[in-house]
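Participant: Just so it is clear, I am handing over protein-v1.csv, which has CSV, C-alpha atoms and all ligand atoms.
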chain,number,residue,atom,x,y,z
A,1,MET,CA,159.5,56.3,-126.7
A,2,THR,CA,157.8,54.1,-124.1
A,3,TYR,CA,159.7,53.5,-120.9
A,4,ARG,CA,159.2,50.0,-119.5
A,5,ALA,CA,159.1,49.2,-115.8
A,6,GLY,CA,159.2,45.8,-114.1
A,7,TRP,CA,157.9,45.4,-110.6
A,8,ILE,CA,158.4,42.7,-108.1
A,9,HIS,CA,155.0,43.2,-106.6
A,10,PHE,CA,155.3,41.3,-103.3
A,11,THR,CA,153.4,42.8,-100.3
A,12,ASN,CA,156.6,44.4,-99.0
A,13,VAL,CA,156.5,46.9,-101.9
A,14,ALA,CA,152.8,47.6,-101.6
A,15,PRO,CA,153.4,50.9,-99.8
A,16,ILE,CA,155.2,52.1,-102.9
A,17,LEU,CA,153.5,50.4,-105.7
A,18,ASP,CA,149.8,50.2,-104.7
A,19,SER,CA,148.9,53.8,-105.4
A,20,LEU,CA,151.5,54.5,-108.1
A,21,GLU,CA,150.1,56.4,-111.0
A,22,LEU,CA,152.3,55.8,-114.0
A,23,PRO,CA,153.0,58.8,-116.2
A,24,PRO,CA,152.0,58.6,-119.8
A,25,ASP,CA,154.4,56.6,-121.9
A,26,VAL,CA,155.5,54.4,-119.0
A,27,THR,CA,154.3,50.8,-119.0
A,28,ALA,CA,154.7,48.2,-116.2
A,29,MET,CA,154.9,44.4,-116.0
A,30,THR,CA,155.2,42.3,-112.8
A,31,GLY,CA,157.0,39.1,-111.8
A,32,VAL,CA,159.0,37.4,-109.0
A,33,PRO,CA,162.6,38.6,-108.3
A,34,THR,CA,164.5,36.3,-110.6
A,35,GLN,CA,162.1,37.2,-113.5
A,36,MET,CA,162.5,40.9,-112.9
A,37,ASN,CA,166.3,40.5,-112.6
A,38,ALA,CA,166.4,38.7,-115.9
A,39,ALA,CA,164.0,41.2,-117.6
A,40,LEU,CA,166.2,44.2,-116.6
A,41,LEU,CA,169.5,42.5,-117.6
A,42,SER,CA,168.1,41.4,-121.0
A,43,GLY,CA,166.6,44.8,-121.8
A,44,GLN,CA,163.0,43.6,-121.7
A,45,VAL,CA,162.4,46.4,-119.1
A,46,ASP,CA,164.2,49.7,-118.5
A,47,ILE,CA,163.9,49.9,-114.7
A,48,ALA,CA,163.0,47.3,-112.0
A,49,ASN,CA,163.2,46.7,-108.3
A,50,ILE,CA,165.7,43.9,-108.5
A,51,SER,CA,167.5,41.7,-106.0
A,52,ALA,CA,170.3,43.9,-104.7
A,53,VAL,CA,172.9,41.2,-105.4
A,54,GLU,CA,172.2,41.4,-109.2
A,55,PHE,CA,172.7,45.2,-109.0
A,56,ILE,CA,176.1,44.5,-107.3
A,57,ARG,CA,177.1,41.8,-109.8
A,58,HIS,CA,176.2,44.2,-112.7
A,59,ALA,CA,177.4,47.4,-111.1
A,60,ASP,CA,179.4,48.2,-114.3
A,61,SER,CA,176.3,48.7,-116.4
A,62,LEU,CA,173.6,49.5,-113.8
A,63,GLU,CA,172.8,52.4,-111.6
A,64,ALA,CA,170.2,52.6,-108.8
A,65,LEU,CA,167.8,55.2,-107.7
A,66,PRO,CA,169.4,57.0,-104.7
A,67,ASP,CA,166.4,57.0,-102.4
A,68,PHE,CA,164.5,53.8,-102.9
A,69,SER,CA,165.1,50.4,-101.3
A,70,VAL,CA,163.5,47.4,-99.6
A,71,SER,CA,165.7,47.2,-96.5
A,72,VAL,CA,165.3,46.2,-92.8
A,73,LEU,CA,167.3,46.5,-89.6
A,74,GLY,CA,166.8,43.2,-87.8
A,75,PRO,CA,164.1,40.7,-88.7
A,76,VAL,CA,162.3,40.8,-92.1
A,77,TYR,CA,159.8,38.0,-91.4
A,78,SER,CA,159.6,36.9,-95.1
A,79,VAL,CA,163.1,35.7,-95.9
A,80,ASN,CA,163.3,32.5,-93.9
A,81,LEU,CA,165.2,29.3,-93.5
A,82,PHE,CA,162.9,26.7,-92.1
A,83,HIS,CA,164.8,23.9,-90.5
A,84,THR,CA,164.3,20.8,-88.4
A,85,ARG,CA,167.9,20.4,-87.1
A,86,PRO,CA,170.5,23.0,-85.8
A,87,LEU,CA,172.1,25.0,-88.5
A,88,ALA,CA,175.5,23.3,-88.0
A,89,GLU,CA,173.9,19.9,-88.7
A,90,LEU,CA,172.0,20.7,-91.9
A,91,GLY,CA,172.8,18.4,-94.8
A,92,ARG,CA,170.4,19.4,-97.6
A,93,ILE,CA,168.8,22.8,-98.1
A,94,ALA,CA,166.0,23.4,-100.6
A,95,LEU,CA,166.3,26.8,-102.3
A,96,THR,CA,163.7,28.7,-104.2
A,97,ALA,CA,164.3,29.7,-107.8
A,98,GLN,CA,162.3,32.9,-107.3
A,99,SER,CA,165.1,34.5,-105.3
A,100,ALA,CA,168.6,35.7,-106.0
A,101,MET,CA,169.1,37.8,-102.9
A,102,SER,CA,168.2,35.3,-100.2
A,103,VAL,CA,170.4,32.6,-101.8
A,104,ALA,CA,173.4,35.0,-101.9
A,105,LEU,CA,172.7,36.0,-98.3
A,106,LEU,CA,172.4,32.4,-97.1
A,107,GLU,CA,175.7,31.5,-98.8
A,108,VAL,CA,177.4,34.4,-97.0
A,109,LEU,CA,175.9,33.4,-93.6
A,110,LEU,CA,176.8,29.7,-94.1
A,111,ARG,CA,180.4,30.6,-95.1
A,112,GLU,CA,180.8,32.8,-92.1
A,113,ARG,CA,179.9,29.8,-89.9
A,114,GLY,CA,182.2,27.5,-91.9
A,115,LEU,CA,179.2,25.4,-93.0
A,116,SER,CA,178.7,23.8,-96.5
A,117,PRO,CA,175.4,21.9,-96.7
A,118,ALA,CA,174.2,20.8,-100.2
A,119,LEU,CA,172.0,23.5,-101.8
A,120,GLU,CA,169.4,22.3,-104.2
A,121,ARG,CA,166.5,23.9,-106.1
A,122,ALA,CA,163.0,22.8,-105.0
A,123,GLU,CA,159.7,24.6,-105.0
A,124,GLY,CA,156.7,24.0,-102.7
A,125,GLU,CA,155.7,24.6,-99.1
A,126,ALA,CA,158.4,24.5,-96.5
A,127,GLU,CA,156.6,22.0,-94.3
A,128,GLU,CA,156.0,19.6,-97.2
A,129,LEU,CA,159.7,19.8,-98.3
A,130,LEU,CA,160.9,19.2,-94.8
A,131,ALA,CA,158.6,16.2,-94.6
A,132,SER,CA,160.0,14.9,-97.9
A,133,GLY,CA,163.6,14.7,-96.6
A,134,TYR,CA,165.2,18.2,-96.7
A,135,ASP,CA,166.4,19.4,-93.4
A,136,GLY,CA,166.3,23.1,-94.4
A,137,VAL,CA,164.1,25.1,-96.8
A,138,LEU,CA,164.7,28.7,-97.8
A,139,ARG,CA,161.5,30.6,-98.8
A,140,ILE,CA,160.9,34.3,-99.6
A,141,GLY,CA,158.0,36.8,-100.0
A,142,ASP,CA,154.4,36.5,-99.2
A,143,SER,CA,154.3,32.7,-98.9
A,144,ALA,CA,157.3,32.7,-96.6
A,145,LEU,CA,155.5,35.3,-94.4
A,146,ARG,CA,152.4,33.1,-94.3
A,147,GLU,CA,154.4,30.0,-93.5
A,148,TRP,CA,156.4,31.8,-90.8
A,149,TYR,CA,153.1,32.8,-89.1
A,150,ARG,CA,151.7,29.3,-89.3
A,151,VAL,CA,154.8,28.0,-87.6
A,152,VAL,CA,155.4,30.6,-84.8
A,153,GLY,CA,151.9,32.2,-84.4
A,154,PRO,CA,149.3,33.0,-83.3
A,155,LEU,CA,149.6,36.4,-81.8
A,156,THR,CA,147.8,36.7,-78.5
A,157,PRO,CA,147.8,39.6,-76.0
A,158,GLU,CA,150.9,38.0,-74.4
A,159,ARG,CA,152.6,37.1,-77.7
A,160,THR,CA,153.5,40.1,-79.9
A,161,MET,CA,155.3,40.4,-83.2
A,162,THR,CA,158.6,41.0,-81.3
A,163,THR,CA,158.2,38.3,-78.6
A,164,LEU,CA,157.0,35.4,-80.8
A,165,PRO,CA,159.2,32.4,-80.5
A,166,ASP,CA,161.4,31.3,-83.4
A,167,SER,CA,160.0,27.8,-83.5
A,168,GLY,CA,156.8,25.8,-83.5
A,169,ARG,CA,155.3,22.6,-85.1
A,170,GLY,CA,158.8,21.0,-84.7
A,171,ILE,CA,160.3,23.6,-87.1
A,172,THR,CA,162.8,26.4,-86.3
A,173,VAL,CA,162.7,29.6,-88.4
A,174,THR,CA,166.0,31.5,-89.0
A,175,ASP,CA,165.2,35.0,-90.3
A,176,LEU,CA,168.1,35.7,-92.6
A,177,ALA,CA,167.9,39.5,-92.1
A,178,GLU,CA,168.1,39.1,-88.4
A,179,ALA,CA,171.1,36.7,-88.8
A,180,TRP,CA,172.8,39.4,-90.9
A,181,PHE,CA,172.1,42.0,-88.2
A,182,ARG,CA,173.6,39.8,-85.6
A,183,LEU,CA,176.7,39.3,-87.8
A,184,THR,CA,177.3,42.9,-88.9
A,185,GLY,CA,175.0,45.3,-86.9
A,186,HIS,CA,173.9,46.7,-90.2
A,187,PRO,CA,170.5,46.8,-92.0
A,188,PHE,CA,170.1,44.4,-95.0
A,189,THR,CA,169.0,45.7,-98.4
A,190,PHE,CA,167.1,43.2,-100.3
A,191,ALA,CA,166.1,45.3,-103.3
A,192,VAL,CA,167.1,48.5,-105.1
A,193,TRP,CA,165.4,50.2,-108.1
A,194,ALA,CA,168.0,49.7,-110.9
A,195,TYR,CA,168.2,50.8,-114.5
A,196,ARG,CA,170.9,50.7,-117.2
A,197,LYS,CA,173.2,53.7,-117.0
A,198,ASP,CA,172.2,54.7,-120.5
A,199,ARG,CA,168.4,54.4,-119.8
A,200,PRO,CA,167.7,56.5,-116.7
A,201,PRO,CA,164.0,56.8,-115.7
A,202,PRO,CA,162.0,59.9,-116.7
A,203,THR,CA,161.8,62.4,-113.8
A,204,ALA,CA,158.0,62.1,-113.8
A,205,LEU,CA,158.2,58.4,-113.0
A,206,VAL,CA,160.6,58.9,-110.0
A,207,GLN,CA,158.4,61.8,-108.7
A,208,ALA,CA,155.3,59.6,-109.1
A,209,MET,CA,157.0,56.9,-107.1
A,210,ARG,CA,157.9,59.4,-104.3
A,211,VAL,CA,154.3,60.6,-104.2
A,212,ALA,CA,153.0,57.0,-104.1
A,213,ARG,CA,155.4,56.0,-101.3
A,214,ARG,CA,154.4,59.0,-99.2
A,215,HIS,CA,150.8,58.1,-99.7
A,216,GLY,CA,151.3,54.4,-98.9
A,217,ILE,CA,153.3,55.1,-95.7
A,218,GLY,CA,150.8,57.7,-94.7
A,219,HIS,CA,147.9,55.2,-95.1
A,220,LEU,CA,149.8,52.1,-93.9
A,221,ALA,CA,146.8,50.7,-92.0
A,222,ASP,CA,144.7,50.7,-95.2
A,223,VAL,CA,147.4,49.1,-97.2
A,224,ALA,CA,147.9,46.5,-94.4
A,225,GLY,CA,144.2,45.8,-94.1
A,226,ARG,CA,143.8,45.2,-97.9
A,227,HIS,CA,146.8,42.8,-98.1
A,228,ALA,CA,146.0,41.0,-94.8
A,229,ALA,CA,142.6,40.0,-96.3
A,230,ARG,CA,144.3,38.8,-99.4
A,231,LEU,CA,147.0,36.9,-97.6
A,232,GLY,CA,144.7,35.5,-94.9
A,233,LEU,CA,146.8,37.0,-92.1
A,234,PRO,CA,145.8,39.2,-89.1
A,235,GLU,CA,146.0,42.9,-90.0
A,236,ARG,CA,148.4,43.6,-87.2
A,237,VAL,CA,150.9,41.1,-88.5
A,238,VAL,CA,150.9,42.7,-92.0
A,239,GLN,CA,151.0,46.2,-90.5
A,240,HIS,CA,154.0,45.4,-88.4
A,241,TYR,CA,155.6,43.6,-91.4
A,242,LEU,CA,155.2,46.7,-93.6
A,243,TRP,CA,156.0,49.3,-90.9
A,244,ASN,CA,159.3,47.5,-90.3
A,245,PHE,CA,160.7,48.1,-93.8
A,246,ARG,CA,163.1,50.9,-94.7
A,247,TYR,CA,162.1,52.3,-98.1
A,248,HIS,CA,164.6,55.2,-98.6
A,249,LEU,CA,168.1,53.7,-99.0
A,250,GLU,CA,169.5,55.9,-96.3
A,251,ALA,CA,173.1,55.9,-95.1
A,252,PRO,CA,172.8,52.8,-92.8
A,253,ASP,CA,171.2,50.9,-95.7
A,254,ARG,CA,174.0,51.8,-98.0
A,255,LEU,CA,176.5,50.7,-95.4
A,256,GLY,CA,174.8,47.4,-95.2
A,257,LEU,CA,174.7,47.1,-98.9
A,258,GLN,CA,178.4,47.9,-99.3
A,259,GLU,CA,179.3,45.4,-96.6
A,260,PHE,CA,177.2,42.7,-98.3
A,261,ALA,CA,178.8,43.6,-101.7
A,262,ALA,CA,182.3,43.2,-100.2
A,263,LYS,CA,181.4,39.8,-98.7
A,264,SER,CA,179.5,38.3,-101.7
A,265,VAL,CA,181.1,39.8,-104.8
A,266,PRO,CA,184.5,41.0,-103.7
A,267,ASP,CA,185.6,42.1,-107.2
A,268,HIS,CA,182.5,44.1,-108.0
A,269,ALA,CA,182.6,47.5,-109.8
A,270,PRO,CA,181.9,50.6,-107.7
A,271,LEU,CA,178.1,50.9,-106.9
A,272,CYS,CA,176.5,53.9,-108.7
A,273,PHE,CA,173.5,55.7,-107.5
A,274,GLY,CA,171.7,58.6,-109.1
A,275,GLN,CA,171.5,62.0,-107.5
A,276,ARG,CA,169.4,62.4,-104.4
A,277,PRO,CA,166.7,65.1,-104.8
A,278,GLY,CA,168.1,68.4,-103.8
A,279,GLU,CA,171.7,67.4,-104.3
B,1,LIG,C1,162.2,40.9,-98.3
B,1,LIG,C2,161.9,40.4,-99.5
B,1,LIG,O1,162.6,41.1,-100.5
B,1,LIG,C3,162.6,40.7,-101.9
B,1,LIG,C4,163.5,39.6,-102.1
B,1,LIG,C5,164.3,39.4,-103.2
B,1,LIG,C6,165.1,38.2,-103.5
B,1,LIG,O2,165.1,37.3,-102.6
B,1,LIG,O3,165.8,38.1,-104.5
B,1,LIG,C7,164.2,40.5,-104.2
B,1,LIG,C8,163.6,41.6,-103.9
B,1,LIG,C9,163.0,41.9,-102.6
B,1,LIG,O4,161.9,42.8,-102.7
B,1,LIG,C10,160.9,39.4,-99.7
B,1,LIG,O5,160.3,39.3,-100.8
B,1,LIG,O6,160.6,38.6,-98.7
Take the structure in the file and write it out as structure tokens.
Facilitator:
Amino acid sequence: MTYRAGWIHFTNVAPILDSLELPPDVTAMTGVPTQMNAALLSGQVDIANISAVEFIRHADSLEALPDFSVSVLGPVYSVNLFHTRPLAELGRIALTAQSAMSVALLEVLLRERGLSPALERAEGEAEELLASGYDGVLRIGDSALREWYRVVGPLTPERTMTTLPDSGRGITVTDLAEAWFRLTGHPFTFAVWAYRKDRPPPTALVQAMRVARRHGIGHLADVAGRHAARLGLPERVVQHYLWNFRYHLEAPDRLGLQEFAAKSVPDHAPLCFGQRPGE
């Protein structure tokens, strides 16, 4: 029987997915996070890298691969709140319907600060939405990375990825993963590879994913070069962006995930992970 995978194929998973060779009898489709979340929950696919908050919400029926994640410790560069006034003064924030994780993270961060601005769905470029009357805009993924760089770039010999300012063009960029790090001291896990407990992936698929990840991380400059050209960004921006991710769901990432679960879905079922290789 065919096993069906669903991939959120943003640039941040390129080091895992770009060189993945699917075993026979495994098919793959792609989409944005909310599409893949829905595809997994409806049974349209059997495994997907989904928004970690959906894994938490459906922890009774889902399990996650024990050694795959999209996590960061500190800034992520592509999950951004663009705003024109201080956080405490924001009245209306535009959210993207592509993302479940960033919305849940924003809600936690606002609640921690005792803030309750109006949250509305609106698609489009952050700068245009800010000009149209929103005072905050939440964006994710490749377009958020590009917009971040347009606002705070360019890199120069004096301005590196870690010393760029957090504002430009009259806009401040709050990186939600960095805000999470300041709040908790933990990494933030955006995605896990989840499947229904009764439909675990074939071993050959998980092994092929491990081989692909090892290859991608070992050839990060090539991966970055290819995607920089596609995104219209300098290669060193994309290389730093990719290098910065934690792809192995290690103990610190799990701690961050558990802490986020406790804050966002306090009554969640215990989180289940498959066995790590060698365990
Ligand atoms: C860091 C990112 O992570 C992605 C963001 C997701 C979300 O917001 O729901 C889901 C999966 C992640 O791979 C990003 O795309 O910028």
Participant: List all protein, DNA and RNA residues that have any atom at most 8 Å from ligand LIG 1 (chain B), counting all atoms listed in the file, and write the list as a PyMOL selection string.
Facilitator: chain A and resi 8-13+32-34+49-53+70-71+76-79+98-103+140-142+144-145+190-192
Participant: Show me, as a PyMOL selection string, the residues that have an atom within 8 Å of Val45 of chain A when counting only C-alpha atoms, minus same-chain residues fewer than 6 positions from it.
Facilitator: chain A and resi 3-6+39
Participant: For the residues selected in the previous step, produce a file with C-alpha atoms as a PDB file, in the coordinates of the input.
Facilitator:
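Dumped to out12.pdb:
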ATOM      1  CA  TYR A   3     159.700  53.500-120.900  1.00  0.00           C
ATOM      2  CA  ARG A   4     159.200  50.000-119.500  1.00  0.00           C
ATOM      3  CA  ALA A   5     159.100  49.200-115.800  1.00  0.00           C
ATOM      4  CA  GLY A   6     159.200  45.800-114.100  1.00  0.00           C
ATOM      5  CA  ALA A  39     164.000  41.200-117.600  1.00  0.00           C
TER       6      ALA A  39
END
Participant: One number please: atom CA of Val211 of chain A to atom CA of Leu17 of chain A, in Å, one decimal.
Facilitator: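 Here the two named atoms are 10.3 Å from each other.
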Participant: For a quick check of understanding, using only C-alpha atoms, which of A:Pro187, A:Gly168, A:Pro277, A:Pro23 has the smallest distance to Gln258 of chain A?
Facilitator: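 Counting only C-alpha atoms, the residue closest to Gln258 of chain A is A:Pro187.
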Participant: Distance atom CA of Ala194 of chain A-atom CA of Ile47 of chain A, one decimal place?
Facilitator: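 Value for the atom CA of Ala194 of chain A-atom CA of Ile47 of chain A distance: 5.6 Å.
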Participant: Identify, on the basis of all atoms listed in the file, every residue whose closest approach to His248 of chain A does not exceed 12 Å; exclude the query and any residue fewer than 4 positions from it along the same chain; express the result as a list of chain:residue names.
Facilitator: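 So the residues in contact are A:Ile16, A:Ala64, A:Leu65, A:Pro66, A:Asp67, A:Phe68, A:Ser69, A:Val70, A:Ser71, A:Val72, A:Thr189, A:Ala191, A:Val192, A:Trp193, A:Met209, A:Arg210, A:Arg213, A:Arg214, A:Ile217, A:Pro252, A:Asp253, A:Arg254, A:Arg276, A:Pro277.
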Participant: So, with all atoms listed in the file as the atoms that count, which of A:Ala269, A:Ala122, A:Ala261, A:Leu110 lies closest to Glu63 of chain A?
Facilitator: A:Ala269
Participant: Which residues are near Phe82 of chain A? Cut-off 12 Å, only C-alpha atoms, ignore same chain within fewer than 5 positions. Put them as an MDAnalysis selection string.
Facilitator: chainID A and resid 77 87 90 92:95 125:131 134:140 144:145 147:152 166:176
Participant: Which residue out of A:Gly232, A:Leu220, A:Thr184, A:Thr203 has the minimum interatomic distance to Leu73 of chain A when only C-alpha atoms are used?
Facilitator: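 Counting only C-alpha atoms, the residue closest to Leu73 of chain A is A:Thr184.
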